[in-house]
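For reference, the structure is listed below as structure tokens.
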Number of protein chains: 6
Amino acid sequence: MGNTQVLCAASVEESVPPFLRNSGKGWVTAEYGMLPRSTLTRTEREGSRGRGRGRSQEIQRLIGRSLRAVSDLEKLGERTIVIDCDVLQADGGTRCASVTGGFVALALAVNWLLKQKLIAENPLQEYVAAVSVGRVGGQNLLDLDYAEDSQAEVDCNVVMTAGGKFVEIQGSAEHAPFGKQDLDEMLALAWRGIQELVRWQKRALAQKK
Amino acid sequence: MGNTQVLCAASVEESVPPFLRNSGKGWVTAEYGMLPRSTLTRTEREGSRGRGRGRSQEIQRLIGRSLRAVSDLEKLGERTIVIDCDVLQADGGTRCASVTGGFVALALAVNWLLKQKLIAENPLQEYVAAVSVGRVGGQNLLDLDYAEDSQAEVDCNVVMTAGGKFVEIQGSAEHAPFGKQDLDEMLALAWRGIQELVRWQKRALAQKK
Amino acid sequence: MGNTQVLCAASVEESVPPFLRNSGKGWVTAEYGMLPRSTLTRTEREGSRGRGRGRSQEIQRLIGRSLRAVSDLEKLGERTIVIDCDVLQADGGTRCASVTGGFVALALAVNWLLKQKLIAENPLQEYVAAVSVGRVGGQNLLDLDYAEDSQAEVDCNVVMTAGGKFVEIQGSAEHAPFGKQDLDEMLALAWRGIQELVRWQKRALAQKK
Amino acid sequence: MGNTQVLCAASVEESVPPFLRNSGKGWVTAEYGMLPRSTLTRTEREGSRGRGRGRSQEIQRLIGRSLRAVSDLEKLGERTIVIDCDVLQADGGTRCASVTGGFVALALAVNWLLKQKLIAENPLQEYVAAVSVGRVGGQNLLDLDYAEDSQAEVDCNVVMTAGGKFVEIQGSAEHAPFGKQDLDEMLALAWRGIQELVRWQKRALAQKK
Amino acid sequence: MGNTQVLCAASVEESVPPFLRNSGKGWVTAEYGMLPRSTLTRTEREGSRGRGRGRSQEIQRLIGRSLRAVSDLEKLGERTIVIDCDVLQADGGTRCASVTGGFVALALAVNWLLKQKLIAENPLQEYVAAVSVGRVGGQNLLDLDYAEDSQAEVDCNVVMTAGGKFVEIQGSAEHAPFGKQDLDEMLALAWRGIQELVRWQKRALAQKK
Amino acid sequence: MGNTQVLCAASVEESVPPFLRNSGKGWVTAEYGMLPRSTLTRTEREGSRGRGRGRSQEIQRLIGRSLRAVSDLEKLGERTIVIDCDVLQADGGTRCASVTGGFVALALAVNWLLKQKLIAENPLQEYVAAVSVGRVGGQNLLDLDYAEDSQAEVDCNVVMTAGGKFVEIQGSAEHAPFGKQDLDEMLALAWRGIQELVRWQKRALAQKK
């Protein structure tokens, strides 16, 4: 995704949030952050006075939901996998890169759990990846970089499984409401991007074996 | 929207955020909150330790973007209209009710600005409303109440203009990824709901004249 | 109380604060908040940076103390009743309206506990209500509205039982210290107001039966 | 006031809060804090997580109002006097000690302003002091210490001028509502205490000359 | 240490931080604060918006480490001694005064524990004290006051035991890096100061017997 | 420094902190953070509830002071260079790595300012680097890794210039106070390490030309 770099790491914790205690089910959650100098001009460090926390929380909830959508939480057992997505360099599409890379980190953690015989069956049911599409200058584009994103009329993040089903669609038209035809075209573009991203995820996982 | 009640109020402030100063443009923004006893069991008051702030911020950004999408900010002049959406009673669909009711509050404020001759032209280009659709027990439904929402396989909030264009689509499938056919059916349902909501908005505004 | 509107809700929670655990006693507490647009000009939303929290906390402590003063906490058993007082519209006297309306909410919750046979005896020993008195332009007045309140020389909130005993007196003379004679006259006025408020409380409770 | 020790300091700042800018008027405000080991058992340091801030803010607002009630803010000119009241040792009555000692600090600051010819006339119109009264074991008492205060049925803080006028009355009966006769007796006791405190204030100021 | 006054108090708490539970070991920790009017011009009260917390935390960690370095935590048993160091008046060297006075408070608490037979053996292995040294105007000086400290080229805080061993050295040269010869001379000066401070500590403890 | 990885970035901002406005002088400051998964077991993300902020602030103040000690702030002009040091992987010595790498980032920013002709003369007077030394198992060691650091009796961070002068010495003996001879040996070791680090800094800067 252009020059975007996101460091994705998975941590296995032998506990679950309160609402899952004694349910036999596990949890997958995510945290997202940007380094202050990941952006073209420096952004203030998060956490100092809650600035920017709203956007980060929105993104980390999206990542968590996307990864849980392909996870059988019962097969995971009562443990939590935390996915940390930290943006080292931002050039558009950081939330999509986080979902896509976060899935790879999650799969690596799951492989480790299987190898350690801590779980018996793979809880991951399908590959999941995310890509941005949008309309810029009247044209529908796949995988917007920062320059395109900042002038887009429509901006849409699509999370899909390798089997072509939708997990999340977040489309937003701050500058120009869009019709059904445009939506259809953008979703078709997204599907093309997702297929390529899944190929890259498979390659990354194959290298780690 | 079922038993949901949201108090929507518009306030005109004669200032704009820093990034718009001396641009001649105005701004429309929103704040969203839930009273602790708006829910079936009491929720902790927001603000005490930042709980629930993530969800609220996500919602208020959605409301703001939706209203700005139909506003010509240059016609507004350098002022801000703040829309406060406070949930008195929650029975599903509070964010959709906030967009729909927030538009009415915004329109009333704009009418007041026109009457006061503070602005010359109406900055509102179209009516905008929002509705939830989702899949519950394998069926696609319009306007989910709390009981339906909490067991939905797919949950989708759609913001549309009176002219049938999309402003925001936020579809999320935590439990079961969905295909294109389901998406199309849900969006068709949403459009039916939007048309009815716009009729109600018009009735509400007519009463105030 | 003029155009003041406060939404009062009672919630029963089956737990008590740490200092009462295993004491067999219950607790009555209150929380107070103002919607940003409850005031003539919009006030910033509470909780964002702790603004206004001082005043709110002072008021919710007053409400809690007033309601506990007429409650036999042993008869309540080890549970907490939380009274939420949220100001929808403020026209002076919001703290008095909160005590007066909060008592009605408390009584409704107690009736429900009795009907569910969760408690055997009514813990409420007396009706309690609150009213403001003050001196404006040299005259002692009952139940000040916002305009009177903001120019009052003396401002006094009085919480009394239906039997005419004092629960709280908070008199404050920022602009002109006052003598004993004025105090006596203001307290007599307050007593007149309290008697009327108790009649209204009884009517409200009768309707709910 | 028993073993209570409060360090009171006045600071003159050549600025006023925003609502007084260009009004020609000054401001008197107070801050109040307790050292963690001022109490019999250590209390957590304020500010770490906002604990105890509610009570402190309530007290510092009382101190500020009491001191402003005897100050002609126009004679002070556009400057602020901040009174810091820090409790080194707490044995009941810290808020009363803070008002009483805070007035001495304020008077010293005013004397310095007069000597520096920064102001032409003394803005202090009267001496002001505060004392606690209460009912303990059925008896009305003056100046409660910590042991008495913690078992009081009625607890009342009274701020009065040297001329016998009331500035603040904060009476609270958490355990047993009280009648008018008791109130009158407690206020008479308070007046006796105030007169003695004013004598001590005069002595303290005389020593500093 | 010039006109610096720090109130040091020790509190014994029958609990330990989580990482020491069931270890049989105790803990010694410190908290440090400055009253707003301890400085020549008033500083904002700590805790209001986290200002100045960084410096205070740094200092309280130094005090804690210094006192633990001479404490046998096993002899203390599973309890915590909290040392509160509150600066009433600041004229340079407040962190050194806090370590030196904090040790006296700690020793008094230990004596009380021994007298109460709560511990069998004295956990304090040595006296510990702290002093500042620095280079001002090209000269190495012992115990800098506020005026010297604010123009020092090198500022060094040294914590030593009565036996002449180092516990902490914190030397900082913001304006002019310094050579080994200067370091040696400053450390020799510090040792002279420490010996005198230990004599004062012994005198203070002797008076309390 | 072992497996420690710190991302250091410099940002030039055309403004200075309030106390330097209109002084003609610039400022160099630093911020320090650790990614949650930089440590062997995941640490909670900073900023959520202020955890770990104390340690981070202490470190960033050290980095800032160290870099300012070799900077002629007048030659920098009224601008600020912010150095962000973010730990991607932590294996001991992260604060030393931050000073050493932060200097390289600072030098790159200065070279850019010179090339852009925004400043006329190089404000950097000398190379500066930092290294840890300590006593582990009775032996004095250079550049402790995480395993050594966590069992060190003495832990000392030394910041020195290429010319062999001291900028900062932070020595701490939580477990065993140390004598002058040990200090001298540790400082000699540090000097050896600093010389090697400066060679690496020169190599890094040479590559960027």
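The way I read the labels, and the way they are meant: chains A, B, ... in the order of the structure tokens, residue 1 as the first residue of every chain, and ligand 1 as the first ligand shown, with later ones counted on from there.
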
Mind checking DSSP for range 116-183 of chain C and telling me the strand (DSSP E) residues as an MDAnalysis selection string? chainID C and resid 128:136 139:142 154:161 166:172

Okay, now the selection with N, CA, C and O atoms, as a short mmCIF file (atom, residue, chain, number, x, y, z; two decimals), in the first residue's frame?
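Okay, again19.cif is ready:
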data_model
loop_
_atom_site.label_atom_id
_atom_site.label_comp_id
_atom_site.auth_asym_id
_atom_site.auth_seq_id
_atom_site.Cartn_x
_atom_site.Cartn_y
_atom_site.Cartn_z
N VAL C 128 -39.24 14.46 51.29
CA VAL C 128 -38.25 15.54 51.35
C VAL C 128 -38.31 16.30 50.02
O VAL C 128 -38.53 15.70 48.97
N ALA C 129 -38.17 17.61 50.09
CA ALA C 129 -38.18 18.43 48.88
C ALA C 129 -37.23 19.61 49.08
O ALA C 129 -36.74 19.84 50.20
N ALA C 130 -36.95 20.33 48.01
CA ALA C 130 -36.01 21.44 48.11
C ALA C 130 -36.52 22.63 47.31
O ALA C 130 -37.18 22.47 46.28
N VAL C 131 -36.20 23.82 47.79
CA VAL C 131 -36.62 25.02 47.08
C VAL C 131 -35.57 26.11 47.28
O VAL C 131 -34.82 26.08 48.26
N SER C 132 -35.50 27.03 46.33
CA SER C 132 -34.57 28.15 46.50
C SER C 132 -35.32 29.37 47.00
O SER C 132 -36.48 29.59 46.65
N VAL C 133 -34.65 30.13 47.84
CA VAL C 133 -35.15 31.45 48.24
C VAL C 133 -33.98 32.42 48.06
O VAL C 133 -32.83 32.01 47.95
N GLY C 134 -34.26 33.69 48.03
CA GLY C 134 -33.17 34.63 47.85
C GLY C 134 -33.63 36.05 48.02
O GLY C 134 -34.84 36.32 48.18
N ARG C 135 -32.66 36.95 48.02
CA ARG C 135 -33.01 38.37 48.10
C ARG C 135 -32.60 39.02 46.80
O ARG C 135 -31.43 38.98 46.42
N VAL C 136 -33.57 39.59 46.12
CA VAL C 136 -33.30 40.24 44.83
C VAL C 136 -33.82 41.66 44.92
O VAL C 136 -34.99 41.88 45.26
N GLN C 139 -35.61 42.51 48.10
CA GLN C 139 -36.81 41.78 48.47
C GLN C 139 -36.53 40.29 48.59
O GLN C 139 -35.83 39.70 47.74
N ASN C 140 -37.12 39.63 49.58
CA ASN C 140 -36.97 38.19 49.70
C ASN C 140 -37.99 37.48 48.81
O ASN C 140 -39.17 37.74 48.89
N LEU C 141 -37.49 36.57 47.96
CA LEU C 141 -38.33 35.89 46.97
C LEU C 141 -38.24 34.37 47.12
O LEU C 141 -37.21 33.84 47.53
N LEU C 142 -39.32 33.70 46.72
CA LEU C 142 -39.35 32.23 46.70
C LEU C 142 -39.17 31.75 45.27
O LEU C 142 -39.72 32.33 44.34
N VAL C 154 -28.59 37.57 47.75
CA VAL C 154 -28.46 36.39 48.60
C VAL C 154 -29.17 35.25 47.89
O VAL C 154 -30.21 35.44 47.28
N ASP C 155 -28.55 34.07 47.95
CA ASP C 155 -29.08 32.89 47.26
C ASP C 155 -29.05 31.76 48.27
O ASP C 155 -28.02 31.48 48.86
N CYS C 156 -30.21 31.14 48.50
CA CYS C 156 -30.28 30.15 49.57
C CYS C 156 -31.10 28.95 49.12
O CYS C 156 -32.23 29.11 48.66
N ASN C 157 -30.50 27.76 49.19
CA ASN C 157 -31.22 26.54 48.86
C ASN C 157 -31.58 25.83 50.15
O ASN C 157 -30.72 25.62 51.00
N VAL C 158 -32.85 25.44 50.28
CA VAL C 158 -33.31 24.86 51.52
C VAL C 158 -33.95 23.50 51.22
O VAL C 158 -34.83 23.40 50.37
N VAL C 159 -33.46 22.47 51.91
CA VAL C 159 -34.04 21.13 51.79
C VAL C 159 -34.77 20.83 53.09
O VAL C 159 -34.17 20.94 54.17
N MET C 160 -36.05 20.50 52.99
CA MET C 160 -36.83 20.27 54.22
C MET C 160 -37.70 19.02 54.07
O MET C 160 -38.05 18.60 52.97
N THR C 161 -38.05 18.45 55.20
CA THR C 161 -38.96 17.32 55.19
C THR C 161 -40.40 17.82 55.20
O THR C 161 -40.66 18.99 55.52
N PHE C 166 -35.38 20.86 58.93
CA PHE C 166 -34.34 21.16 57.94
C PHE C 166 -33.44 19.97 57.69
O PHE C 166 -33.01 19.28 58.63
N VAL C 167 -33.11 19.74 56.42
CA VAL C 167 -32.15 18.72 56.06
C VAL C 167 -30.85 19.37 55.58
O VAL C 167 -29.77 18.94 55.93
N GLU C 168 -30.98 20.42 54.80
CA GLU C 168 -29.82 21.17 54.31
C GLU C 168 -30.22 22.64 54.19
O GLU C 168 -31.32 22.96 53.72
N ILE C 169 -29.31 23.51 54.59
CA ILE C 169 -29.46 24.95 54.32
C ILE C 169 -28.15 25.40 53.68
O ILE C 169 -27.09 25.20 54.27
N GLN C 170 -28.22 25.93 52.48
CA GLN C 170 -27.01 26.45 51.84
C GLN C 170 -27.28 27.88 51.43
O GLN C 170 -27.80 28.12 50.34
N GLY C 171 -26.92 28.81 52.31
CA GLY C 171 -27.16 30.21 52.01
C GLY C 171 -25.85 30.89 51.70
O GLY C 171 -24.85 30.67 52.36
N SER C 172 -25.88 31.75 50.70
CA SER C 172 -24.64 32.35 50.24
C SER C 172 -24.89 33.79 49.84
O SER C 172 -25.82 34.08 49.08
#

Give me, please, the distance in Å between CA of Ala120 in chain D and CA of Val12 in chain D, quoted to one decimal.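 That distance, rounded to one decimal, is 15.8 Å.
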
Can you pull out every residue within 12 Å of range 107-114 of chain C, counting only C-alpha atoms, but drop anything in the same chain fewer than 3 positions away, and send it as a PyMOL selection string? chain C and resi 8-14+28+67+70-73+75-77+79-83+100-104+117-128+201-202+204-209

Would you write out those residues with N, CA and C atoms, as a CSV table (one decimal), in the first residue's frame?
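Wrote it out as again.csv, contents follow:
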chain,number,residue,atom,x,y,z
C,8,CYS,N,-35.4,12.7,36.1
C,8,CYS,CA,-34.8,12.0,37.3
C,8,CYS,C,-35.2,10.5,37.2
C,9,ALA,N,-34.1,9.6,37.3
C,9,ALA,CA,-34.3,8.2,37.1
C,9,ALA,C,-33.6,7.5,38.3
C,10,ALA,N,-34.3,6.4,38.8
C,10,ALA,CA,-33.7,5.6,39.9
C,10,ALA,C,-33.3,4.3,39.4
C,11,SER,N,-32.1,3.8,39.7
C,11,SER,CA,-31.6,2.4,39.4
C,11,SER,C,-31.3,1.7,40.6
C,12,VAL,N,-31.7,0.5,40.7
C,12,VAL,CA,-31.4,-0.4,41.9
C,12,VAL,C,-30.2,-1.3,41.5
C,13,GLU,N,-29.1,-1.2,42.3
C,13,GLU,CA,-28.0,-2.0,42.0
C,13,GLU,C,-27.7,-2.9,43.2
C,14,GLU,N,-27.5,-4.2,43.0
C,14,GLU,CA,-27.4,-5.1,44.1
C,14,GLU,C,-26.0,-5.2,44.6
C,28,VAL,N,-27.9,5.3,49.2
C,28,VAL,CA,-28.6,6.1,48.2
C,28,VAL,C,-27.6,7.1,47.7
C,67,LEU,N,-31.4,12.8,50.2
C,67,LEU,CA,-32.3,11.7,50.1
C,67,LEU,C,-31.9,10.7,51.2
C,70,VAL,N,-33.7,11.0,54.8
C,70,VAL,CA,-35.0,10.5,55.1
C,70,VAL,C,-35.1,9.0,54.8
C,71,SER,N,-33.9,8.3,54.6
C,71,SER,CA,-33.9,6.9,54.3
C,71,SER,C,-33.4,6.1,55.5
C,72,ASP,N,-34.1,5.0,55.8
C,72,ASP,CA,-33.5,4.1,56.8
C,72,ASP,C,-32.7,3.1,56.1
C,73,LEU,N,-31.4,3.2,56.1
C,73,LEU,CA,-30.6,2.4,55.2
C,73,LEU,C,-30.5,1.0,55.5
C,75,LYS,N,-33.2,-0.8,56.5
C,75,LYS,CA,-34.4,-1.4,55.8
C,75,LYS,C,-34.2,-1.6,54.3
C,76,LEU,N,-33.2,-0.9,53.7
C,76,LEU,CA,-33.0,-1.0,52.3
C,76,LEU,C,-32.2,-2.3,52.0
C,77,GLY,N,-31.5,-2.8,53.0
C,77,GLY,CA,-30.7,-4.0,52.7
C,77,GLY,C,-29.4,-3.6,51.9
C,79,ARG,N,-28.0,-2.9,49.2
C,79,ARG,CA,-28.1,-2.5,47.8
C,79,ARG,C,-28.0,-1.0,47.7
C,80,THR,N,-27.8,-0.6,46.5
C,80,THR,CA,-27.6,0.9,46.2
C,80,THR,C,-28.7,1.4,45.3
C,81,ILE,N,-29.3,2.5,45.6
C,81,ILE,CA,-30.2,3.1,44.7
C,81,ILE,C,-29.5,4.4,44.1
C,82,VAL,N,-29.3,4.4,42.8
C,82,VAL,CA,-28.6,5.5,42.2
C,82,VAL,C,-29.6,6.4,41.5
C,83,ILE,N,-29.6,7.7,41.9
C,83,ILE,CA,-30.6,8.6,41.3
C,83,ILE,C,-29.8,9.5,40.3
C,100,THR,N,-36.2,17.4,44.6
C,100,THR,CA,-37.6,17.1,44.7
C,100,THR,C,-38.0,16.0,43.7
C,101,GLY,N,-37.5,16.0,42.5
C,101,GLY,CA,-37.9,15.0,41.5
C,101,GLY,C,-37.1,13.7,41.9
C,102,GLY,N,-35.9,13.8,42.4
C,102,GLY,CA,-35.2,12.6,42.8
C,102,GLY,C,-35.9,11.9,43.8
C,103,PHE,N,-36.5,12.6,44.8
C,103,PHE,CA,-37.3,11.9,45.8
C,103,PHE,C,-38.4,11.0,45.2
C,104,VAL,N,-39.1,11.6,44.2
C,104,VAL,CA,-40.2,10.8,43.5
C,104,VAL,C,-39.6,9.6,42.9
C,117,LYS,N,-41.2,-7.8,46.7
C,117,LYS,CA,-40.8,-8.5,48.0
C,117,LYS,C,-39.3,-8.6,48.2
C,118,LEU,N,-38.6,-7.6,47.6
C,118,LEU,CA,-37.1,-7.6,47.9
C,118,LEU,C,-36.8,-7.0,49.2
C,119,ILE,N,-37.7,-6.1,49.7
C,119,ILE,CA,-37.6,-5.5,51.0
C,119,ILE,C,-38.9,-5.7,51.7
C,120,ALA,N,-38.9,-5.7,53.0
C,120,ALA,CA,-40.1,-6.0,53.8
C,120,ALA,C,-40.8,-4.7,54.2
C,121,GLU,N,-40.0,-3.7,54.6
C,121,GLU,CA,-40.5,-2.4,55.1
C,121,GLU,C,-40.1,-1.2,54.3
C,122,ASN,N,-40.9,-0.2,54.2
C,122,ASN,CA,-40.5,1.0,53.4
C,122,ASN,C,-39.4,1.8,54.2
C,123,PRO,N,-38.3,1.9,53.5
C,123,PRO,CA,-37.2,2.6,54.2
C,123,PRO,C,-37.3,4.2,54.2
C,124,LEU,N,-38.3,4.7,53.5
C,124,LEU,CA,-38.5,6.1,53.4
C,124,LEU,C,-39.3,6.6,54.6
C,125,GLN,N,-38.7,7.5,55.4
C,125,GLN,CA,-39.4,7.9,56.7
C,125,GLN,C,-40.2,9.1,56.5
C,126,GLU,N,-39.9,9.9,55.5
C,126,GLU,CA,-40.6,11.2,55.3
C,126,GLU,C,-40.5,11.6,53.9
C,127,TYR,N,-41.3,12.5,53.4
C,127,TYR,CA,-41.1,13.2,52.1
C,127,TYR,C,-40.0,14.2,52.3
C,128,VAL,N,-39.2,14.5,51.3
C,128,VAL,CA,-38.2,15.5,51.3
C,128,VAL,C,-38.3,16.3,50.0
C,201,GLN,N,-45.4,16.2,44.8
C,201,GLN,CA,-44.8,14.9,44.8
C,201,GLN,C,-45.9,13.8,45.1
C,202,LYS,N,-46.8,14.1,46.0
C,202,LYS,CA,-47.8,13.1,46.3
C,202,LYS,C,-48.7,12.8,45.1
C,204,ALA,N,-47.8,13.1,41.9
C,204,ALA,CA,-47.1,12.4,41.0
C,204,ALA,C,-47.0,10.9,41.3
C,205,LEU,N,-46.8,10.6,42.6
C,205,LEU,CA,-46.7,9.2,43.1
C,205,LEU,C,-48.1,8.5,43.0
C,206,ALA,N,-49.2,9.3,43.2
C,206,ALA,CA,-50.5,8.7,43.2
C,206,ALA,C,-50.8,8.3,41.7
C,207,GLN,N,-50.4,9.1,40.7
C,207,GLN,CA,-50.7,8.7,39.3
C,207,GLN,C,-50.0,7.4,38.9
C,208,LYS,N,-48.9,7.1,39.6
C,208,LYS,CA,-48.1,5.9,39.1
C,208,LYS,C,-48.7,4.6,39.7
C,209,LYS,N,-49.6,4.7,40.6
C,209,LYS,CA,-50.1,3.5,41.3
C,209,LYS,C,-51.1,2.7,40.4

Please, which residues of chain E lie no more than 12 Å from chain D when the count uses only C-alpha atoms, and can they be set out as an MDAnalysis selection string? chainID E and resid 6:13 30:53 57 81:89

Going by DSSP on the backbone, which residues of range 59-138 of chain A come out as helix (DSSP H, G or I)? List them as a PyMOL selection string. chain A and resi 59-68+73-76+94-115

Could you pull the residues within 8 Å of Gly2 in chain F, counting only C-alpha atoms, minus those fewer than 6 positions along the same chain, as an MDAnalysis selection string? chainID F and resid 91:92 145

Glu174 in chain B: which residues within 7 Å, counting only C-alpha atoms, same-chain residues fewer than 4 positions away excluded, as a count of residues only? 5
